[in-house]
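To keep things clear, I will list the structure first and then write my remarks on it.
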Amino acid sequence: MSGLFKAISRQRSQVNIAGSGREAITTQYTKGRLDTSGVYRNLSAIEEKVLADMWSRILGDYDQPLDSIACDPIVRPVEYDDAASRSQAKEAQETSPFEVFGGCMFNETVADKCQELGIKSESSAGGKLVPPFVSQISDKTLKSALWLAVREDHPDVFVLRFLRARKWDVDKAYKMIVAAVKWRVQENVEEIIWFGDLYNDASLMWKGVSYAHGKDRLGQPIVWSGSCLHHQKDQSYPQLKRYLIWMMETLRQLLYTPVERVCLIMDLTDHSNANMDWPFVKTFIKFLEAYYPECLGVCIVYNGPWWFSGVWKLISPLLDPVVAAKVQFAQKRKDLLEFIDEKELLEICGGKDKYTYEYVKPEGNENQPMFDQEGRAKAAQKLEALQEQFVAATQEWVQAKVDGEDGRFTEASARRLELSDQVKQAAETKDKYTRARHFYTRTGVLHNSSVDWSKIQIYD
């Protein structure tokens with residue numbers, strides 16, 4: 001059966017994953033060099049002008065109501081009644097409570113556990129760890145919703161993901177990005193970010209169903225996902241979806257130019273049919289393809305059981321060819337070492353890093369800045385002023401392209417890059433007022449926008 005997995009891997013690696021000249025995945029790992037073509041600050045002259053056309057489309061609708069702009073269909077990967085699902089989960093929690101993992105009960109959140117453990121904040125009268133949610137959306141225009149989607153990214157980093165996903169077709173990429181922005185509003189992504197991991201299902205956080213740790217040979221953060229820890233009955237679908245969105249948004253903080261993607265290890269050790277969750281699979285695939293494009297560098301399916309090839313035949317048709325080409329298979333330690341250095345590989349997979357996941361609980365006063373309304377207002381005011389300057393520079397850049405003035409275009413481009421850095425820094429400052437701390441900030445891995453995995457790596 002390992003021969004079948006290797007054959008599938010070879011087939012996938014031969015596919016051009018970008019559709020625009022990017023090297024195949026295995027080639028990048030063989031060379032030990034990340035292909036940065038089409039990435040922010042590494043664009044060809046043609047790609048930069050396509051990016052200018054994309055921004056021209058965005059700015060053309062910039063002040064229009066978001067709902068009035070045509071876009072790709074916003075597909076619900078799983079049909080369900082969100083309110084009804086939450087109500088059913090709450091009823092089950094109250095009438096038929098059961099322990100899921102490590103003292104975490106069904107439908108219990110991290111906030112519930114903190115209350116149970118007496119973890120309180122001194123910044124609020126009721127001891128709440130995070131203040132009530134305050135939306136930063138100023139109006140219902142594309143402008144307001146787009147900047148909330150960009151958050152701490154460079155603006156072009158966010159936009160380029162959609163252009164690459166649609167092979168530099170501006171019309172298709174624009175409809176895709178508008179759909180993603182609308183989806184974020186509908187799913188209250190801003191609120192999920194605000195509360196951090198506090199309102200995530202406690203059992204998911206305690207188990208460590210998925211967590212980021214270390215980096216692969218290309219410098220991409222590794223996300224370890226052990227399927228044997230997951231059971232569909234352990235949490236409601238709304239909670240699973242919330243957790244997935246929180247994980248996606250948190251991983252964005254662990255990326256930096258030119259490393260804009262993650263390495264996902266799907267560890268199928270001890271996997272059984274009881275661990276299969278089709279609603280989760282469909283949701284994860286849809287999120288990757290439509291709402292978080294170009295965030296996956298490679299997905300390594302590790303130690304799959306003999307029958308998994310049949311499951312793959314069911315899953316693969318659901319995947320976009322670009323995503324499917326990123327799937328590789330590894331059966332043994334030596335296969336993983338093609339992608340991950342021995343020092344970065346966890347000991348349980350035959351590596352040298354002795355780290356084992358253990359959830360770090362919130363501290364009472366870790367979110368004190370979020371209670372500072374004046375500080376948040378000042379940070380927002382500074383960010384908005386810089387965003388306006390960036391837009392003005394972008395308009396000049398777009399017009400220079402239209403007028404065919406290359407010198408002026410180059411000057412405007414340099415000004416945009418300078419302002420983009422300032423926008424990102426201001427957004428990172430505002431972030432501490434609008435995002436609760438989480439596992440990766442508590443461990444010290446993420447500090448002041450810098451990522452340091454050595455904080456939690458363990459060696460002899």
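Identifiers in the structure tokens: chain A, B, ... in order shown; residue index from 1 per chain; ligand index from 1 in order shown.
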Can you check which residues of range 361-445 of chain A DSSP gives as alpha helix (DSSP H) on the backbone and send them as a ChimeraX atom specification?
/A:373-403,406-434,439-442
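If you look at CA of Arg151 in chain A and CA of Ala427 in chain A, they are 6.3 Å away from each other.
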Who sits within 8 Å of range 399-416 of chain A, only C-alpha atoms, same chain under 4 positions skipped, as an MDAnalysis selection string:
chainID A and resid 49 52 390 393:395 420
For those residues, write N, CA and C atoms to a file as a PDB file, in the first residue's frame.
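The result, written out as result.pdb:
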```pdb
ATOM      1  N   LYS A  49       1.430  45.103 -12.872  1.00  0.00           N
ATOM      2  CA  LYS A  49       0.404  45.863 -13.599  1.00  0.00           C
ATOM      3  C   LYS A  49      -0.961  45.178 -13.508  1.00  0.00           C
ATOM      4  N   ALA A  52      -2.239  46.264 -10.264  1.00  0.00           N
ATOM      5  CA  ALA A  52      -2.784  47.624 -10.380  1.00  0.00           C
ATOM      6  C   ALA A  52      -4.203  47.591 -10.948  1.00  0.00           C
ATOM      7  N   PHE A 390      -2.535  55.434   1.868  1.00  0.00           N
ATOM      8  CA  PHE A 390      -2.227  54.296   1.006  1.00  0.00           C
ATOM      9  C   PHE A 390      -3.155  54.275  -0.207  1.00  0.00           C
ATOM     10  N   ALA A 393      -2.131  56.961  -2.644  1.00  0.00           N
ATOM     11  CA  ALA A 393      -0.934  56.545  -3.381  1.00  0.00           C
ATOM     12  C   ALA A 393      -1.277  55.472  -4.404  1.00  0.00           C
ATOM     13  N   THR A 394      -2.220  54.616  -4.054  1.00  0.00           N
ATOM     14  CA  THR A 394      -2.639  53.555  -4.976  1.00  0.00           C
ATOM     15  C   THR A 394      -3.368  54.140  -6.172  1.00  0.00           C
ATOM     16  N   GLN A 395      -4.194  55.160  -5.944  1.00  0.00           N
ATOM     17  CA  GLN A 395      -4.882  55.822  -7.048  1.00  0.00           C
ATOM     18  C   GLN A 395      -3.887  56.459  -8.008  1.00  0.00           C
ATOM     19  N   SER A 420       2.549  50.892   2.820  1.00  0.00           N
ATOM     20  CA  SER A 420       2.048  49.568   3.189  1.00  0.00           C
ATOM     21  C   SER A 420       2.701  49.099   4.481  1.00  0.00           C
TER      22      SER A 420
END
```
Closest contacts (range 177-262 of chain A/range 286-299 of chain A, max 8 Å, only C-alpha atoms) as a tab-separated table:
```
residue	atom	partner	partner_atom	distance
A:Ile177	CA	A:Tyr291	CA	8.0
A:Ala180	CA	A:Tyr291	CA	5.0
A:Trp183	CA	A:Tyr291	CA	7.8
A:Gln220	CA	A:Gly297	CA	7.6
A:Met248	CA	A:Tyr292	CA	7.7
A:Glu260	CA	A:Cys295	CA	6.4
A:Arg261	CA	A:Cys295	CA	4.4
A:Val262	CA	A:Leu296	CA	5.2
```
Using only C-alpha atoms, which protein or nucleic acid residues come within 12 Å of Glu91 in chain A? Drop anything in the same chain fewer than 5 positions from it, and give the result as JSON, numbers by chain.
{"A": [84, 85, 86, 96, 97, 106, 107, 236]}
Would you export the selected residues with all heavy atoms as an mmCIF file, in the first residue's frame, please?
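Result file follows (part.cif):
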```cif
data_model
loop_
_atom_site.group_PDB
_atom_site.id
_atom_site.type_symbol
_atom_site.label_atom_id
_atom_site.label_comp_id
_atom_site.auth_asym_id
_atom_site.auth_seq_id
_atom_site.Cartn_x
_atom_site.Cartn_y
_atom_site.Cartn_z
ATOM 1 N N ALA A 84 -30.506 26.825 15.467
ATOM 2 C CA ALA A 84 -31.063 25.559 15.950
ATOM 3 C C ALA A 84 -29.962 24.639 16.462
ATOM 4 O O ALA A 84 -30.118 23.975 17.492
ATOM 5 C CB ALA A 84 -31.845 24.878 14.829
ATOM 6 N N SER A 85 -28.834 24.609 15.766
ATOM 7 C CA SER A 85 -27.712 23.759 16.190
ATOM 8 C C SER A 85 -27.176 24.197 17.542
ATOM 9 O O SER A 85 -26.878 23.364 18.409
ATOM 10 C CB SER A 85 -26.594 23.808 15.149
ATOM 11 O OG SER A 85 -27.019 23.265 13.924
ATOM 12 N N ARG A 86 -27.064 25.501 17.733
ATOM 13 C CA ARG A 86 -26.586 26.017 19.021
ATOM 14 C C ARG A 86 -27.572 25.695 20.140
ATOM 15 O O ARG A 86 -27.181 25.344 21.251
ATOM 16 C CB ARG A 86 -26.366 27.529 18.925
ATOM 17 C CG ARG A 86 -25.231 27.921 17.991
ATOM 18 C CD ARG A 86 -25.057 29.441 17.957
ATOM 19 N NE ARG A 86 -24.127 29.828 16.921
ATOM 20 C CZ ARG A 86 -22.795 29.787 17.020
ATOM 21 N NH1 ARG A 86 -22.262 29.359 18.154
ATOM 22 N NH2 ARG A 86 -22.022 30.165 16.038
ATOM 23 N N SER A 96 -28.207 16.395 29.277
ATOM 24 C CA SER A 96 -27.439 15.144 29.218
ATOM 25 C C SER A 96 -25.942 15.444 29.164
ATOM 26 O O SER A 96 -25.255 15.117 28.184
ATOM 27 C CB SER A 96 -27.845 14.329 27.983
ATOM 28 O OG SER A 96 -29.236 14.103 27.949
ATOM 29 N N PRO A 97 -25.414 16.085 30.191
ATOM 30 C CA PRO A 97 -23.993 16.467 30.156
ATOM 31 C C PRO A 97 -23.082 15.248 30.147
ATOM 32 O O PRO A 97 -23.388 14.228 30.764
ATOM 33 C CB PRO A 97 -23.827 17.274 31.446
ATOM 34 C CG PRO A 97 -24.900 16.768 32.356
ATOM 35 C CD PRO A 97 -26.060 16.432 31.473
ATOM 36 N N PHE A 106 -19.169 18.521 27.266
ATOM 37 C CA PHE A 106 -19.724 18.840 25.954
ATOM 38 C C PHE A 106 -20.266 20.269 25.935
ATOM 39 O O PHE A 106 -20.971 20.690 26.848
ATOM 40 C CB PHE A 106 -20.848 17.862 25.595
ATOM 41 C CG PHE A 106 -21.554 18.190 24.301
ATOM 42 C CD1 PHE A 106 -20.957 17.894 23.096
ATOM 43 C CD2 PHE A 106 -22.792 18.815 24.308
ATOM 44 C CE1 PHE A 106 -21.588 18.203 21.894
ATOM 45 C CE2 PHE A 106 -23.440 19.128 23.125
ATOM 46 C CZ PHE A 106 -22.835 18.823 21.904
ATOM 47 N N ASN A 107 -19.915 21.014 24.911
ATOM 48 C CA ASN A 107 -20.383 22.385 24.671
ATOM 49 C C ASN A 107 -19.809 23.395 25.670
ATOM 50 O O ASN A 107 -20.248 24.538 25.709
ATOM 51 C CB ASN A 107 -21.913 22.466 24.676
ATOM 52 C CG ASN A 107 -22.427 23.616 23.819
ATOM 53 O OD1 ASN A 107 -21.948 23.811 22.695
ATOM 54 N ND2 ASN A 107 -23.380 24.381 24.329
ATOM 55 N N SER A 236 -20.526 20.531 18.688
ATOM 56 C CA SER A 236 -21.529 20.890 17.693
ATOM 57 C C SER A 236 -20.825 21.431 16.448
ATOM 58 O O SER A 236 -19.675 21.877 16.505
ATOM 59 C CB SER A 236 -22.472 21.966 18.256
ATOM 60 O OG SER A 236 -21.762 23.180 18.505
#
```
Counting only C-alpha atoms, what is within 12 Å of Phe371 in chain A, bar same-chain residues fewer than 6 positions away, as a PyMOL selection string?
chain A and resi 121-125+127-134+194+365+377+432-436
Those selected residues, please, written with N, CA and C atoms and delivered as a PDB file, in the first residue's frame.
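Printed below is again.pdb as written:
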```pdb
ATOM      1  N   SER A 121     -10.501  38.673  35.472  1.00  0.00           N
ATOM      2  CA  SER A 121      -9.777  39.900  35.137  1.00  0.00           C
ATOM      3  C   SER A 121     -10.069  40.972  36.174  1.00  0.00           C
ATOM      4  N   GLU A 122      -9.050  41.749  36.507  1.00  0.00           N
ATOM      5  CA  GLU A 122      -9.233  42.869  37.421  1.00  0.00           C
ATOM      6  C   GLU A 122      -9.661  44.128  36.689  1.00  0.00           C
ATOM      7  N   SER A 123      -9.760  44.030  35.347  1.00  0.00           N
ATOM      8  CA  SER A 123     -10.091  45.203  34.532  1.00  0.00           C
ATOM      9  C   SER A 123     -11.583  45.398  34.353  1.00  0.00           C
ATOM     10  N   SER A 124     -12.388  44.412  34.763  1.00  0.00           N
ATOM     11  CA  SER A 124     -13.843  44.544  34.617  1.00  0.00           C
ATOM     12  C   SER A 124     -14.529  44.180  35.922  1.00  0.00           C
ATOM     13  N   ALA A 125     -15.662  44.809  36.147  1.00  0.00           N
ATOM     14  CA  ALA A 125     -16.387  44.605  37.404  1.00  0.00           C
ATOM     15  C   ALA A 125     -16.808  43.153  37.581  1.00  0.00           C
ATOM     16  N   GLY A 127     -15.310  40.569  36.303  1.00  0.00           N
ATOM     17  CA  GLY A 127     -14.186  39.657  36.141  1.00  0.00           C
ATOM     18  C   GLY A 127     -14.058  39.067  34.748  1.00  0.00           C
ATOM     19  N   LYS A 128     -14.807  39.620  33.782  1.00  0.00           N
ATOM     20  CA  LYS A 128     -14.742  39.115  32.411  1.00  0.00           C
ATOM     21  C   LYS A 128     -13.328  39.281  31.860  1.00  0.00           C
ATOM     22  N   LEU A 129     -12.853  38.263  31.157  1.00  0.00           N
ATOM     23  CA  LEU A 129     -11.490  38.293  30.633  1.00  0.00           C
ATOM     24  C   LEU A 129     -11.342  39.170  29.400  1.00  0.00           C
ATOM     25  N   VAL A 130     -12.464  39.414  28.713  1.00  0.00           N
ATOM     26  CA  VAL A 130     -12.487  40.252  27.514  1.00  0.00           C
ATOM     27  C   VAL A 130     -13.711  41.148  27.592  1.00  0.00           C
ATOM     28  N   PRO A 131     -13.583  42.432  27.219  1.00  0.00           N
ATOM     29  CA  PRO A 131     -14.750  43.319  27.252  1.00  0.00           C
ATOM     30  C   PRO A 131     -15.764  42.927  26.188  1.00  0.00           C
ATOM     31  N   PRO A 132     -16.986  43.425  26.270  1.00  0.00           N
ATOM     32  CA  PRO A 132     -17.991  43.139  25.243  1.00  0.00           C
ATOM     33  C   PRO A 132     -17.485  43.532  23.859  1.00  0.00           C
ATOM     34  N   PHE A 133     -17.895  42.771  22.867  1.00  0.00           N
ATOM     35  CA  PHE A 133     -17.446  42.991  21.498  1.00  0.00           C
ATOM     36  C   PHE A 133     -17.848  44.370  20.992  1.00  0.00           C
ATOM     37  N   VAL A 134     -16.901  45.050  20.368  1.00  0.00           N
ATOM     38  CA  VAL A 134     -17.148  46.348  19.747  1.00  0.00           C
ATOM     39  C   VAL A 134     -16.700  46.255  18.291  1.00  0.00           C
ATOM     40  N   TRP A 194     -11.938  38.842  17.999  1.00  0.00           N
ATOM     41  CA  TRP A 194     -12.011  39.674  19.202  1.00  0.00           C
ATOM     42  C   TRP A 194     -11.868  38.818  20.469  1.00  0.00           C
ATOM     43  N   ASN A 365      -5.394  38.948  33.579  1.00  0.00           N
ATOM     44  CA  ASN A 365      -5.251  40.316  33.080  1.00  0.00           C
ATOM     45  C   ASN A 365      -4.527  40.396  31.741  1.00  0.00           C
ATOM     46  N   ALA A 377      -9.316  53.879  20.304  1.00  0.00           N
ATOM     47  CA  ALA A 377      -9.776  54.949  19.407  1.00  0.00           C
ATOM     48  C   ALA A 377      -8.591  55.659  18.742  1.00  0.00           C
ATOM     49  N   LYS A 432      -3.813  44.797  19.334  1.00  0.00           N
ATOM     50  CA  LYS A 432      -3.808  44.464  20.761  1.00  0.00           C
ATOM     51  C   LYS A 432      -5.048  44.995  21.480  1.00  0.00           C
ATOM     52  N   TYR A 433      -5.767  45.942  20.833  1.00  0.00           N
ATOM     53  CA  TYR A 433      -7.009  46.471  21.400  1.00  0.00           C
ATOM     54  C   TYR A 433      -8.241  45.735  20.882  1.00  0.00           C
ATOM     55  N   THR A 434      -8.053  44.903  19.827  1.00  0.00           N
ATOM     56  CA  THR A 434      -9.211  44.289  19.163  1.00  0.00           C
ATOM     57  C   THR A 434      -9.102  42.765  19.029  1.00  0.00           C
ATOM     58  N   ARG A 435      -8.063  42.176  19.617  1.00  0.00           N
ATOM     59  CA  ARG A 435      -7.904  40.726  19.540  1.00  0.00           C
ATOM     60  C   ARG A 435      -7.430  40.212  20.902  1.00  0.00           C
ATOM     61  N   ALA A 436      -8.178  39.258  21.467  1.00  0.00           N
ATOM     62  CA  ALA A 436      -7.760  38.663  22.741  1.00  0.00           C
ATOM     63  C   ALA A 436      -6.492  37.838  22.544  1.00  0.00           C
TER      64      ALA A 436
END
```
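Of the listed residues (A:Ile348, A:Ala212, A:Leu59, A:Val391), A:Ala212 comes nearest to Trp453 in chain A; the distances count only C-alpha atoms.
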Within 12 Å of Pro362 in chain A using only C-alpha atoms, minus same-chain residues under 2 positions, as a ChimeraX atom specification
/A:110-115,117-121,128-130,195-199,202,205,359-360,364-367,436-443
Could you save the residues just selected, with N, CA, C and O atoms, as a compact mmCIF listing (two decimals), in the first residue's frame?
```
# COMPACT_ATOMS: atom_id res chain seq x y z
N VAL A 110 -13.81 27.61 26.61
CA VAL A 110 -12.65 27.96 27.42
C VAL A 110 -13.04 28.98 28.48
O VAL A 110 -12.60 28.91 29.63
N ALA A 111 -13.92 29.92 28.12
CA ALA A 111 -14.39 30.92 29.09
C ALA A 111 -15.12 30.24 30.25
O ALA A 111 -14.96 30.64 31.41
N ASP A 112 -15.92 29.21 29.95
CA ASP A 112 -16.61 28.46 31.01
C ASP A 112 -15.59 27.82 31.95
O ASP A 112 -15.75 27.85 33.17
N LYS A 113 -14.55 27.22 31.37
CA LYS A 113 -13.52 26.58 32.17
C LYS A 113 -12.78 27.60 33.05
O LYS A 113 -12.45 27.31 34.20
N CYS A 114 -12.54 28.77 32.49
CA CYS A 114 -11.85 29.81 33.26
C CYS A 114 -12.69 30.24 34.46
O CYS A 114 -12.17 30.43 35.57
N GLN A 115 -14.00 30.38 34.25
CA GLN A 115 -14.89 30.73 35.34
C GLN A 115 -14.88 29.63 36.40
O GLN A 115 -14.82 29.90 37.61
N LEU A 117 -12.45 27.63 37.03
CA LEU A 117 -11.14 27.60 37.68
C LEU A 117 -10.82 28.88 38.43
O LEU A 117 -9.74 29.00 39.02
N GLY A 118 -11.75 29.84 38.39
CA GLY A 118 -11.55 31.09 39.13
C GLY A 118 -10.59 32.06 38.48
O GLY A 118 -10.01 32.93 39.15
N ILE A 119 -10.41 31.96 37.16
CA ILE A 119 -9.54 32.89 36.43
C ILE A 119 -10.37 34.12 36.06
O ILE A 119 -11.32 34.03 35.28
N LYS A 120 -10.01 35.26 36.63
CA LYS A 120 -10.79 36.49 36.44
C LYS A 120 -9.89 37.65 36.07
O LYS A 120 -8.69 37.65 36.35
N SER A 121 -10.50 38.67 35.47
CA SER A 121 -9.78 39.90 35.14
C SER A 121 -10.07 40.97 36.17
O SER A 121 -11.19 41.09 36.68
N LYS A 128 -14.81 39.62 33.78
CA LYS A 128 -14.74 39.12 32.41
C LYS A 128 -13.33 39.28 31.86
O LYS A 128 -12.70 40.32 32.05
N LEU A 129 -12.85 38.26 31.16
CA LEU A 129 -11.49 38.29 30.63
C LEU A 129 -11.34 39.17 29.40
O LEU A 129 -10.25 39.63 29.08
N VAL A 130 -12.46 39.41 28.71
CA VAL A 130 -12.49 40.25 27.51
C VAL A 130 -13.71 41.15 27.59
O VAL A 130 -14.79 40.70 28.00
N PHE A 195 -12.59 37.71 20.53
CA PHE A 195 -12.60 36.88 21.74
C PHE A 195 -11.49 35.83 21.78
O PHE A 195 -11.36 35.10 22.76
N GLY A 196 -10.68 35.75 20.70
CA GLY A 196 -9.58 34.81 20.71
C GLY A 196 -10.07 33.38 20.90
O GLY A 196 -11.08 32.97 20.33
N ASP A 197 -9.36 32.61 21.72
CA ASP A 197 -9.77 31.21 21.93
C ASP A 197 -10.74 31.05 23.10
O ASP A 197 -11.12 29.93 23.46
N LEU A 198 -11.17 32.17 23.70
CA LEU A 198 -12.02 32.09 24.90
C LEU A 198 -13.35 31.40 24.66
O LEU A 198 -13.84 30.67 25.53
N TYR A 199 -13.95 31.62 23.50
CA TYR A 199 -15.26 31.02 23.23
C TYR A 199 -15.15 29.81 22.30
O TYR A 199 -16.16 29.34 21.78
N ALA A 202 -13.88 24.04 24.63
CA ALA A 202 -12.76 23.76 25.53
C ALA A 202 -12.08 22.43 25.19
O ALA A 202 -10.85 22.33 25.23
N MET A 205 -9.54 22.70 22.43
CA MET A 205 -8.30 23.37 22.84
C MET A 205 -7.48 22.47 23.76
O MET A 205 -6.25 22.42 23.66
N TYR A 359 -2.31 22.63 26.42
CA TYR A 359 -2.97 23.93 26.32
C TYR A 359 -2.57 24.84 27.47
O TYR A 359 -2.57 24.43 28.63
N VAL A 360 -2.21 26.06 27.12
CA VAL A 360 -1.87 27.08 28.12
C VAL A 360 -3.10 27.94 28.35
O VAL A 360 -3.56 28.64 27.44
N GLY A 364 -5.63 36.07 33.99
CA GLY A 364 -6.69 37.02 34.32
C GLY A 364 -6.59 38.37 33.64
O GLY A 364 -7.59 38.91 33.17
N ASN A 365 -5.39 38.95 33.58
CA ASN A 365 -5.25 40.32 33.08
C ASN A 365 -4.53 40.40 31.74
O ASN A 365 -4.02 41.46 31.38
N GLU A 366 -4.49 39.30 31.01
CA GLU A 366 -3.73 39.31 29.76
C GLU A 366 -4.33 40.21 28.68
O GLU A 366 -3.62 40.63 27.75
N ASN A 367 -5.62 40.52 28.79
CA ASN A 367 -6.27 41.34 27.77
C ASN A 367 -6.57 42.76 28.25
O ASN A 367 -7.49 43.41 27.74
N ALA A 436 -8.18 39.26 21.47
CA ALA A 436 -7.76 38.66 22.74
C ALA A 436 -6.49 37.84 22.54
O ALA A 436 -6.26 37.29 21.47
N ARG A 437 -5.67 37.80 23.59
CA ARG A 437 -4.46 36.95 23.53
C ARG A 437 -4.89 35.50 23.38
O ARG A 437 -6.00 35.12 23.71
N HIS A 438 -3.96 34.68 22.92
CA HIS A 438 -4.31 33.28 22.68
C HIS A 438 -3.11 32.39 22.96
O HIS A 438 -2.07 32.85 23.45
N PHE A 439 -3.26 31.12 22.64
CA PHE A 439 -2.25 30.10 22.96
C PHE A 439 -0.84 30.53 22.52
O PHE A 439 0.13 30.37 23.26
N TYR A 440 -0.71 31.07 21.32
CA TYR A 440 0.62 31.36 20.77
C TYR A 440 1.24 32.62 21.36
O TYR A 440 2.46 32.75 21.37
N THR A 441 0.43 33.52 21.87
CA THR A 441 0.98 34.68 22.57
C THR A 441 1.34 34.30 24.00
O THR A 441 2.35 34.78 24.54
N ARG A 442 0.53 33.43 24.62
CA ARG A 442 0.82 33.01 25.99
C ARG A 442 2.12 32.20 26.07
O ARG A 442 2.84 32.29 27.06
N THR A 443 2.40 31.41 25.06
CA THR A 443 3.62 30.59 25.07
C THR A 443 4.85 31.39 24.69
O THR A 443 5.98 30.91 24.86
```
With only C-alpha atoms as the basis for distance, which of A:Leu417, A:Ile245, A:Met266, A:Val423 is at the shortest distance from Ala385 in chain A?
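Checking each of A:Leu417, A:Ile245, A:Met266, A:Val423 against Ala385 in chain A, counting only C-alpha atoms, the winner is A:Val423.
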